[in-house]
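Student: Dumping the structure here so I can ask a few things about it.
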Amino acid sequence: MNSPLANKLKDLLDNMSQEEFNKQWDEIVSLDLQGPSFADVLEYNASHFNVDYDLPEEGTIYNVPTNSYNLAA
Amino acid sequence: MSNIVTAYQTLEDRDNIDEIEFGGPFKCTRNDAWLGHGYYFWDTNIDWAIAWGTGSYINKGKKFVIGRCRIDLSKDCFDLVGCVAHWQELLEFIEVFTSSQKISDPKQRIVPNIIMFMKQNGVFPYKSIRAADFHNRKIQLYFKEDHREFMVINQRVQICVIDIKEVLLHPFSVIYPE
């Protein structure tokens, strides 16, 4: 994990009893909020970030800038 | 690019413009507040605010007004539109919740619930959330005619302000209808 916040969240959950979690969670659930599910977010991520690219045909010649800095131009 | 954006909030017109300008903007605590409770705005494009008002009020026989203010996104904005790292962070939050196995009912595993939980426990320090939504008729602009890659050019961008004192720049003025 790279995110310090995610690590803080993990620590929080690791150190919170299920009973205490349920108490807080039940209050939140009682708000009956609607929004994207974990599954939807993960599905979106899989379909939009891990994309298949149209690869060029073999032998395609590119007009690559001739500098030595590997610029992402 | 400036981190201060113009923001619009659509509100029901109850012939109370003075009250709106004095007390607004207003917090959304409806259950379809998909980023959790907060002050919801449309980012920069007033047409989105007008379209929302038409769908939510005019079509139901009501009237609406639009209030305008500015929002400072440089102060801890969780930007799911313009910051890939924040999107990845959201995925990590989901991963942590999933691994913890603390949420027993799958139907309760939704984004607004975890944002509310994190805010409540002081592990969500962001003062606003910026997110895009796509309506039914998304316009795909293909990079090249015979390629599959495209970008969606008509996404709408919302801002959910959590800490209004920190990021909202007054005045909040009713500017629609003129």
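Going by the structure tokens order, chains are called A, B, ..., each with residues numbered from 1, while ligands are numbered from 1 in the order shown.
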Return as a Markdown table the residues of chain B lying at most 8 Å from chain A, together with the closest atom-to-atom pair for each and the distance in Å to one decimal, counting only C-alpha atoms, with rows in chain order and ascending residue number.
Tutor:
```
| residue | atom | partner | partner_atom | distance |
| --- | --- | --- | --- | --- |
| B:Arg30 | CA | A:Leu33 | CA | 7.7 |
| B:Asn31 | CA | A:Leu33 | CA | 4.2 |
| B:Asp32 | CA | A:Gln34 | CA | 4.9 |
| B:Ala33 | CA | A:Leu33 | CA | 6.8 |
| B:Trp34 | CA | A:Gly35 | CA | 4.5 |
| B:Leu35 | CA | A:Gly35 | CA | 7.2 |
| B:Gly36 | CA | A:Leu33 | CA | 7.4 |
| B:Glu89 | CA | A:Ser3 | CA | 6.1 |
| B:Leu91 | CA | A:Leu42 | CA | 7.4 |
| B:Glu92 | CA | A:Ala6 | CA | 6.1 |
| B:Phe93 | CA | A:Ala6 | CA | 5.5 |
| B:Ile94 | CA | A:Phe38 | CA | 6.5 |
| B:Val96 | CA | A:Lys10 | CA | 5.9 |
| B:Phe97 | CA | A:Lys10 | CA | 7.9 |
| B:Ser100 | CA | A:Leu13 | CA | 6.9 |
| B:Lys102 | CA | A:Gln18 | CA | 6.6 |
| B:Lys107 | CA | A:Ser37 | CA | 7.7 |
| B:Gln108 | CA | A:Val29 | CA | 7.0 |
| B:Arg109 | CA | A:Ser37 | CA | 5.8 |
| B:Ile110 | CA | A:Ser37 | CA | 4.1 |
| B:Val111 | CA | A:Pro36 | CA | 5.8 |
| B:Pro112 | CA | A:Gly35 | CA | 6.1 |
| B:Asn113 | CA | A:Ile28 | CA | 6.4 |
| B:Met116 | CA | A:Ile28 | CA | 7.0 |
| B:Phe117 | CA | A:Ile28 | CA | 7.2 |
| B:Met118 | CA | A:Leu9 | CA | 7.5 |
| B:Val123 | CA | A:Leu9 | CA | 6.4 |
| B:Phe124 | CA | A:Leu5 | CA | 7.4 |
| B:His147 | CA | A:Asp54 | CA | 6.7 |
| B:Arg148 | CA | A:Asp54 | CA | 7.0 |
| B:Glu149 | CA | A:Tyr53 | CA | 7.6 |
```
Student: Based on the selection just made, write C-alpha atoms of those residues as a short mmCIF file (atom, residue, chain, number, x, y, z; two decimals), in the first residue's frame.
Tutor:
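Written out: out16.cif:
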```cif
data_model
loop_
_atom_site.label_atom_id
_atom_site.label_comp_id
_atom_site.auth_asym_id
_atom_site.auth_seq_id
_atom_site.Cartn_x
_atom_site.Cartn_y
_atom_site.Cartn_z
CA ARG B 30 -30.32 13.29 1.22
CA ASN B 31 -29.64 9.58 0.95
CA ASP B 32 -28.59 9.90 -2.69
CA ALA B 33 -25.67 12.13 -1.72
CA TRP B 34 -23.31 9.72 -3.42
CA LEU B 35 -20.11 11.14 -1.89
CA GLY B 36 -21.59 11.36 1.58
CA GLU B 89 -6.01 5.93 -2.93
CA LEU B 91 -9.02 1.80 -4.42
CA GLU B 92 -6.70 1.25 -1.46
CA PHE B 93 -9.42 2.35 0.97
CA ILE B 94 -11.73 -0.22 -0.59
CA VAL B 96 -8.47 -2.15 3.30
CA PHE B 97 -12.17 -2.37 4.10
CA SER B 100 -10.73 -6.28 7.19
CA LYS B 102 -15.69 -6.05 9.05
CA LYS B 107 -25.08 -4.20 0.11
CA GLN B 108 -23.48 -1.90 2.66
CA ARG B 109 -20.14 -1.91 0.85
CA ILE B 110 -20.61 1.42 -0.90
CA VAL B 111 -18.38 4.46 -1.30
CA PRO B 112 -20.43 7.01 0.68
CA ASN B 113 -20.51 4.70 3.70
CA MET B 116 -18.68 8.81 6.23
CA PHE B 117 -16.90 6.25 8.41
CA MET B 118 -13.48 7.68 7.67
CA VAL B 123 -8.82 9.49 8.82
CA PHE B 124 -10.30 11.43 5.92
CA HIS B 147 -8.64 3.06 -33.18
CA ARG B 148 -10.54 2.00 -30.07
CA GLU B 149 -9.14 4.61 -27.70
#
```
Student: Residues within 9 Å of Cys28 (chain B), please, as a list in words. Count only C-alpha atoms; anything in the same chain fewer than 6 positions from it doesn't count.
Tutor: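 Counting only the stated atoms, we get Gly36, His37, Gly38, Tyr39 and Tyr40 of chain B.
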Student: Restricting the calculation to only C-alpha atoms: of B:Gly24, B:Asp13, B:Pro106, B:Thr6, which residue gets closest to Gly61 (chain B)?
Tutor: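 So, comparing all the options, the nearest one is B:Asp13.
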Student: What does the structure give for the distance between CA of Trp42 (chain B) and CA of Lys27 (chain B), in Å to one decimal?
Tutor: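 Taking CA of Trp42 (chain B) as the start and CA of Lys27 (chain B) as the end point, the length is 13.9 Å.
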Student: One decimal, in Å: what's the spacing between CA of Leu90 (chain B) and CA of Leu141 (chain B)?
Tutor: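 Here the two named atoms are 27.0 Å from each other.
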Student: Could you tell me how far CA of Ala51 (chain B) lies from CA of Thr10 (chain B), in Å and to one decimal?
Tutor: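 The value is 9.5 Å.
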Student: Could you pull the residues within 8 Å of Asn154 (chain B), counting only C-alpha atoms, minus those fewer than 3 positions along the same chain, as a VMD selection string?
Tutor: chain B and resid 134 138 to 139
Student: Among region 2-174 of chain B, which ones does DSSP place in strand (DSSP E), written as an mmCIF file with C-alpha atoms, in the first residue's frame?
Tutor:
```cif
data_model
loop_
_atom_site.group_PDB
_atom_site.id
_atom_site.type_symbol
_atom_site.label_atom_id
_atom_site.label_comp_id
_atom_site.auth_asym_id
_atom_site.auth_seq_id
_atom_site.Cartn_x
_atom_site.Cartn_y
_atom_site.Cartn_z
ATOM 1 C CA ILE B 4 -9.944 28.351 -7.434
ATOM 2 C CA VAL B 5 -13.035 27.410 -9.399
ATOM 3 C CA THR B 6 -16.457 28.921 -9.819
ATOM 4 C CA ALA B 7 -19.108 26.627 -8.390
ATOM 5 C CA TYR B 8 -22.879 26.492 -8.760
ATOM 6 C CA GLN B 9 -25.488 25.073 -6.414
ATOM 7 C CA THR B 10 -29.029 24.430 -7.637
ATOM 8 C CA LEU B 11 -31.771 25.052 -5.076
ATOM 9 C CA GLU B 12 -35.536 25.021 -5.012
ATOM 10 C CA TYR B 39 -22.322 20.833 0.147
ATOM 11 C CA TYR B 40 -22.733 19.799 -3.487
ATOM 12 C CA PHE B 41 -21.808 22.048 -6.399
ATOM 13 C CA TRP B 42 -21.357 21.855 -10.134
ATOM 14 C CA ASP B 43 -17.833 22.788 -11.159
ATOM 15 C CA PHE B 64 -35.328 26.671 -8.994
ATOM 16 C CA VAL B 65 -32.554 29.164 -8.501
ATOM 17 C CA ILE B 66 -28.807 28.821 -8.820
ATOM 18 C CA GLY B 67 -26.328 30.201 -6.335
ATOM 19 C CA ARG B 68 -22.739 30.911 -7.271
ATOM 20 C CA CYS B 69 -19.558 31.120 -5.211
ATOM 21 C CA ARG B 70 -15.912 30.169 -5.586
ATOM 22 C CA ILE B 71 -14.155 27.166 -4.104
ATOM 23 C CA ASP B 72 -10.465 26.804 -3.329
ATOM 24 C CA CYS B 77 -9.264 18.349 -2.302
ATOM 25 C CA PHE B 78 -9.743 14.615 -2.898
ATOM 26 C CA ASP B 79 -9.718 14.994 -6.655
ATOM 27 C CA SER B 128 -13.658 18.605 -0.546
ATOM 28 C CA ILE B 129 -14.170 15.807 -3.057
ATOM 29 C CA ARG B 130 -14.209 16.385 -6.803
ATOM 30 C CA ALA B 131 -15.780 13.678 -8.937
ATOM 31 C CA ALA B 132 -17.186 13.234 -12.429
ATOM 32 C CA ASP B 133 -20.378 11.616 -13.506
ATOM 33 C CA GLN B 140 -16.831 9.630 -27.118
ATOM 34 C CA LEU B 141 -14.148 11.425 -29.025
ATOM 35 C CA TYR B 142 -12.039 8.789 -30.759
ATOM 36 C CA PHE B 150 -11.350 7.573 -26.995
ATOM 37 C CA MET B 151 -11.981 10.205 -24.407
ATOM 38 C CA VAL B 152 -15.352 11.165 -23.021
ATOM 39 C CA ARG B 156 -20.040 16.496 -15.618
ATOM 40 C CA VAL B 157 -17.919 17.452 -12.647
ATOM 41 C CA GLN B 158 -19.266 17.843 -9.132
ATOM 42 C CA ILE B 159 -17.628 19.095 -5.980
ATOM 43 C CA CYS B 160 -18.754 17.923 -2.570
ATOM 44 C CA VAL B 161 -17.451 20.370 0.022
ATOM 45 C CA LEU B 168 -15.597 28.282 0.210
ATOM 46 C CA LEU B 169 -14.999 31.831 -0.876
ATOM 47 C CA HIS B 170 -17.949 34.123 -0.317
ATOM 48 C CA PRO B 171 -20.158 35.697 -1.434
ATOM 49 C CA PHE B 172 -22.735 33.085 -2.289
ATOM 50 C CA SER B 173 -25.004 34.928 -4.692
ATOM 51 C CA VAL B 174 -28.133 33.903 -6.539
#
```
Student: Given only C-alpha atoms as the basis, pick out the residue of B:Gly82, B:Phe26, B:Ile20, B:Ile46 nearest to Tyr176 (chain B).
Tutor: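 So, comparing all the options, the nearest one is B:Ile46.
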Student: Identify all residues of region 69-178 of chain B in helix (DSSP H, G or I) (DSSP on the backbone) and supply them as a PyMOL selection string.
Tutor: chain B and resi 84-100+106-108+111-120+164-167
Student: Output C-alpha atoms of each residue in that selection to a file, as a PDB file, in the first residue's frame.
Tutor:
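File written: out29.pdb
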```pdb
ATOM      1  CA  VAL B  84      -4.742   9.647 -10.529  1.00  0.00           C
ATOM      2  CA  ALA B  85      -3.071   9.176  -7.132  1.00  0.00           C
ATOM      3  CA  HIS B  86      -6.342   9.999  -5.411  1.00  0.00           C
ATOM      4  CA  TRP B  87      -8.216   7.474  -7.514  1.00  0.00           C
ATOM      5  CA  GLN B  88      -5.634   4.861  -6.548  1.00  0.00           C
ATOM      6  CA  GLU B  89      -6.007   5.927  -2.935  1.00  0.00           C
ATOM      7  CA  LEU B  90      -9.751   5.294  -3.115  1.00  0.00           C
ATOM      8  CA  LEU B  91      -9.022   1.800  -4.422  1.00  0.00           C
ATOM      9  CA  GLU B  92      -6.698   1.247  -1.464  1.00  0.00           C
ATOM     10  CA  PHE B  93      -9.422   2.347   0.966  1.00  0.00           C
ATOM     11  CA  ILE B  94     -11.731  -0.221  -0.591  1.00  0.00           C
ATOM     12  CA  GLU B  95      -9.030  -2.870  -0.389  1.00  0.00           C
ATOM     13  CA  VAL B  96      -8.467  -2.148   3.303  1.00  0.00           C
ATOM     14  CA  PHE B  97     -12.171  -2.369   4.102  1.00  0.00           C
ATOM     15  CA  THR B  98     -12.521  -5.554   2.087  1.00  0.00           C
ATOM     16  CA  SER B  99      -9.508  -7.220   3.740  1.00  0.00           C
ATOM     17  CA  SER B 100     -10.730  -6.280   7.192  1.00  0.00           C
ATOM     18  CA  PRO B 106     -22.332  -6.760   0.777  1.00  0.00           C
ATOM     19  CA  LYS B 107     -25.077  -4.202   0.110  1.00  0.00           C
ATOM     20  CA  GLN B 108     -23.480  -1.902   2.662  1.00  0.00           C
ATOM     21  CA  VAL B 111     -18.381   4.457  -1.299  1.00  0.00           C
ATOM     22  CA  PRO B 112     -20.428   7.006   0.683  1.00  0.00           C
ATOM     23  CA  ASN B 113     -20.510   4.696   3.704  1.00  0.00           C
ATOM     24  CA  ILE B 114     -16.737   4.387   3.861  1.00  0.00           C
ATOM     25  CA  ILE B 115     -16.262   8.133   3.381  1.00  0.00           C
ATOM     26  CA  MET B 116     -18.679   8.808   6.230  1.00  0.00           C
ATOM     27  CA  PHE B 117     -16.901   6.254   8.410  1.00  0.00           C
ATOM     28  CA  MET B 118     -13.475   7.680   7.669  1.00  0.00           C
ATOM     29  CA  LYS B 119     -14.625  11.259   8.304  1.00  0.00           C
ATOM     30  CA  GLN B 120     -16.152  10.193  11.602  1.00  0.00           C
ATOM     31  CA  ILE B 164     -17.104  24.877   4.053  1.00  0.00           C
ATOM     32  CA  LYS B 165     -15.229  27.333   6.236  1.00  0.00           C
ATOM     33  CA  GLU B 166     -11.889  26.289   4.819  1.00  0.00           C
ATOM     34  CA  VAL B 167     -12.542  26.221   1.101  1.00  0.00           C
TER      35      VAL B 167
END
```
